[in-house]
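This report concerns only the one structure given below.
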Amino acid sequence: AQQRTLEDGELVFAEGDVGDVAYLVDQGSVEVFTGQGDTRTVFATLGPGEIVGEMALIDTRPRSASVRSIGMTRLTVISREGLNDRLESVDAMVQLVLHSMLGRFRLAMHRVREGEQAPAPPRVPESEALPVMPGDAALRHGVLQQSRMEARLREAIRTDGLQMLYQPIVQLPLGKTVGYEALVRWPQEDGRVISPADFIPLAEQTSLILELDAWVLRRSCEQAVEHAGAMRRGYVSVNLSGRQFAQPSAFDLVASTLEATGLPPERLQIELTEGVIMSDPEYAAQLLDRFQALGISIAIDDFGTGYSSLAYLHHFSADVLKLDLSFAREVRRGPNGARIVRAIAAMAEELGLRVVAEGIEAEAEGRQLYKLGCGWGQGYAYGRPVCFSEQAEGGA
Ligand code: C2E
Ligand code: CA
Ligand code: CA
Ligand code: CA
């Protein structure tokens with residue numbers, strides 16, 4: 001979302017303007033009024049976490065009031081596209097309810113404009129009334145936090161303020177490094193580092209994830225070229241979000257990044273979760289074929305956490321199965337986990353897939369997983385995610 005900073009008294013928009021954006025007050029406050037000079041009537045003063053001008057998001061009529069800032073004010077612009085973008089990532093049922101509510105609302109507005117009496121709102125006993133959410137302080141606080149973090153993340157992507165770490169993927173049982181998974185981090189000014197688990201979900205709610213994925217892909221390919229020696233020409237394995245994968249431009253993005261950075265396709269692997277593949281199997285099958293024709297390999301990430309079905313896998317030209325780290329934990333716990341891993345590994349072999357066991361925290365575990373049929377592994381036992389300068393110093 002774009003931001004606007006205003007001086008004291010500056011107009012946000014004027015009565016009669018035609019607009020198609022709303023504003024979230026981020027800092028300071030604004031005043032909603034009609035008329036000018038002596039005839040000015042102030043309706044409301046809105047502060048941080050409140051939204052103004054939102055009618056423009058669903059209605060094309062001119063603004064019915066003016067809005068100006070009081071003191072230095074910062075606003076976040078909410079566009080129609082931005083709103084639709086967010087709605088897409090909302091639960092389908094919530095989407096449906098919102099669309100239906102907006103539809104009824106538009107109809108009511110239309111009737112009022114046509115001079116028809118708006119239907120009187122039915123009287124609802126107080127006990128049955130829905131809680132009015134937008135006024136809720138906690139909700140407002142949450143929206144503000146999120147919108148600020150999003151603006152900072154967007155800035156971090158634009159200014160190369162993110163960092164890539166690389167974790168070795170090894171051949172079992174000896175632990176020889178064959179490649180590296182690229183894992184993103186967000187270093188903060190105060191020295192803290194935000195983990196992807198805390199900002200990827202935020203990015204996924206908007207198209208910011210597309211920019212993030214593109215940045216990660218670019219940086220990982222660049223560094224794999226730059227540090228080819230330290231990496232012993234191993235491959236780099238990059239996580240791609242479902243949103244990016246679903247873009248018609250996904251293939252071109254990957255192809256053009258390889259070309260721009262000069263990374264040989266055999267040194268790139270893309271990790272996708274089974275959920276991403278299963279959300280549109282036909283499209284996925286085609287795209288995977290195109291990726292492979294290009295020479296890059298495909299890993300199915302977090303295998304066993306979603307549909308957990310090996311049966312469909314022969315429809316897809318994947319190369320690698322990454323066994324979710326919960327399996328290493330299960331094997332640590334007892335023989336049941338071991339039986340499951342052995343069965344998965346046997347079927348994967350049948351399908352020509354290499355199995356990488358994730359989350360191996362002790363070498364003994366790695367040897368056991370190897371005996372169960374996992375030819376490759378990844379985890380703290382073989383190396384934590386580190387940045388490449390450290391990797392080089394470690395003499396990898
Ligand atoms: P993932 O793809 O399953 O990545 C593996 C996660 O397991 C990483 O967490 C890694 O640090 C952690 N891990 C590695 N070895 C061990 C181990 O021995 N024990 C335990 N307990 N954990 C281990 P990380 O880096 O925090 O990433 C979390 C998730 O965030 C990733 O899960 C992935 O879904 C997402 N992610 C990370 N980087 C990127 C990225 O660049 N792009 C996208 N789209 N998603 C990313
Ligand atoms: Ca991964
Ligand atoms: Ca994983
Ligand atoms: Ca995971």
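Following the order of the structure tokens, first chain is A, next is B, and so on, with residues numbered from 1 inside each chain and ligands from 1 in the order they appear.
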
Write out, as a tab-separated table, each residue of region 203-263 of chain A that has an atom at most 10 Å from region 88-111 of chain A, together with the closest pair of atoms and their distance in Å to one decimal, counting only C-alpha atoms, rows going by chain and rising number.
residue	atom	partner	partner_atom	distance
A:Glu204	CA	A:Ser89	CA	7.8
A:Gln205	CA	A:Ser89	CA	5.6
A:Thr206	CA	A:Ser89	CA	7.6
A:Ser207	CA	A:Ser89	CA	9.9
A:Arg243	CA	A:Ser89	CA	9.8

For C-alpha atoms, I'd like the residues from the last selection saved as a PDB file, in the first residue's frame.
ATOM      1  CA  GLU A 204       1.075 -13.883   1.099  1.00  0.00           C
ATOM      2  CA  GLN A 205      -2.021 -11.839   1.950  1.00  0.00           C
ATOM      3  CA  THR A 206      -1.100  -9.362  -0.780  1.00  0.00           C
ATOM      4  CA  SER A 207       0.784  -9.368  -4.042  1.00  0.00           C
ATOM      5  CA  ARG A 243       0.746 -17.307  -5.524  1.00  0.00           C
TER       6      ARG A 243
END

Checklist line | Cut-off 8 Å, only C-alpha atoms and all ligand atoms, neighbours of ligand 4 as a PyMOL selection string | finding: chain A and resi 301-302+324-325

Could the residues in this selection be written to a file with N, CA, C and O atoms, as a PDB file, in the first residue's frame?
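selection_39.pdb written:
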ATOM      1  N   ASP A 301       7.901 -29.961  -1.471  1.00  0.00           N
ATOM      2  CA  ASP A 301       8.310 -29.583  -0.120  1.00  0.00           C
ATOM      3  C   ASP A 301       7.272 -30.024   0.906  1.00  0.00           C
ATOM      4  O   ASP A 301       6.096 -30.190   0.576  1.00  0.00           O
ATOM      5  N   ASP A 302       7.725 -30.194   2.146  1.00  0.00           N
ATOM      6  CA  ASP A 302       6.835 -30.503   3.266  1.00  0.00           C
ATOM      7  C   ASP A 302       5.961 -31.709   2.972  1.00  0.00           C
ATOM      8  O   ASP A 302       4.788 -31.751   3.370  1.00  0.00           O
ATOM      9  N   ASP A 324       8.743 -33.897   5.238  1.00  0.00           N
ATOM     10  CA  ASP A 324       8.617 -32.868   6.270  1.00  0.00           C
ATOM     11  C   ASP A 324       9.348 -33.256   7.552  1.00  0.00           C
ATOM     12  O   ASP A 324       9.441 -34.435   7.895  1.00  0.00           O
ATOM     13  N   LEU A 325       9.827 -32.231   8.266  1.00  0.00           N
ATOM     14  CA  LEU A 325      10.640 -32.532   9.451  1.00  0.00           C
ATOM     15  C   LEU A 325       9.866 -33.251  10.556  1.00  0.00           C
ATOM     16  O   LEU A 325      10.471 -33.842  11.463  1.00  0.00           O
TER      17      LEU A 325
END

Note to self: At a cut-off of 8 Å and counting only C-alpha atoms and all ligand atoms, what residues surround ligand 2? Please answer as an MDAnalysis selection string.
What the structure shows: chainID A and resid 181 183 237:239 271:272 301:302 322

Take the residues from that selection and write them out as a compact mmCIF listing (two decimals), in the first residue's frame, keeping N, CA, C and O atoms.
# COMPACT_ATOMS: atom_id res chain seq x y z
N GLU A 181 19.55 -25.20 0.44
CA GLU A 181 18.25 -24.55 0.38
C GLU A 181 18.42 -23.08 0.73
O GLU A 181 19.07 -22.74 1.73
N LEU A 183 17.06 -19.76 2.22
CA LEU A 183 16.05 -19.38 3.21
C LEU A 183 16.20 -17.89 3.52
O LEU A 183 17.28 -17.42 3.85
N SER A 237 18.36 -24.45 -3.94
CA SER A 237 16.96 -24.86 -3.93
C SER A 237 16.12 -23.73 -3.37
O SER A 237 16.26 -23.35 -2.22
N VAL A 238 15.25 -23.16 -4.22
CA VAL A 238 14.52 -21.94 -3.87
C VAL A 238 13.04 -22.24 -3.65
O VAL A 238 12.41 -22.93 -4.44
N ASN A 239 12.49 -21.71 -2.53
CA ASN A 239 11.06 -21.88 -2.24
C ASN A 239 10.24 -20.92 -3.08
O ASN A 239 10.52 -19.72 -3.12
N GLU A 271 11.31 -25.41 -5.00
CA GLU A 271 10.52 -26.16 -4.02
C GLU A 271 9.08 -25.66 -4.01
O GLU A 271 8.83 -24.47 -3.88
N LEU A 272 8.16 -26.59 -4.17
CA LEU A 272 6.73 -26.28 -4.13
C LEU A 272 6.08 -27.23 -3.15
O LEU A 272 6.50 -28.37 -3.03
N ASP A 301 7.90 -29.96 -1.47
CA ASP A 301 8.31 -29.58 -0.12
C ASP A 301 7.27 -30.02 0.91
O ASP A 301 6.10 -30.19 0.58
N ASP A 302 7.73 -30.19 2.15
CA ASP A 302 6.83 -30.50 3.27
C ASP A 302 5.96 -31.71 2.97
O ASP A 302 4.79 -31.75 3.37
N LYS A 322 10.68 -33.85 -0.53
CA LYS A 322 11.25 -33.43 0.75
C LYS A 322 10.30 -33.84 1.86
O LYS A 322 9.19 -33.33 1.96

Item checked: Atomic distance CA of Asp280 (chain A) - CA of Ala246 (chain A), expressed in Å with one decimal ->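 Calculated distance between CA of Asp280 (chain A) and CA of Ala246 (chain A) is 8.6 Å.
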
Next item on the list: Could you find all residues in region 196-357 of chain A that DSSP calls helix (DSSP H, G or I) from the backbone, and write them as a ChimeraX atom specification?
Entry: /A:196-204,208-226,242-245,250-261,265-267,274-278,281-294,311-315,325-333,335-350

Checklist line | Contacts of Gly35 (chain A) within 12 Å, only C-alpha atoms, excl. fewer than 6 positions in-chain, as a list in words | finding: Ala14, Glu15, Gly16, Thr41, Val42, Phe43, Ser64, Ala65, Ser66 and Val67 of chain A

Item checked: Polymer residues at most 12 Å from Ile296 (chain A), only C-alpha atoms, same-chain spacing of 6 or more positions, as a ChimeraX atom specification -> /A:235-238,251,254-255,258,263-271,287-290,317-320
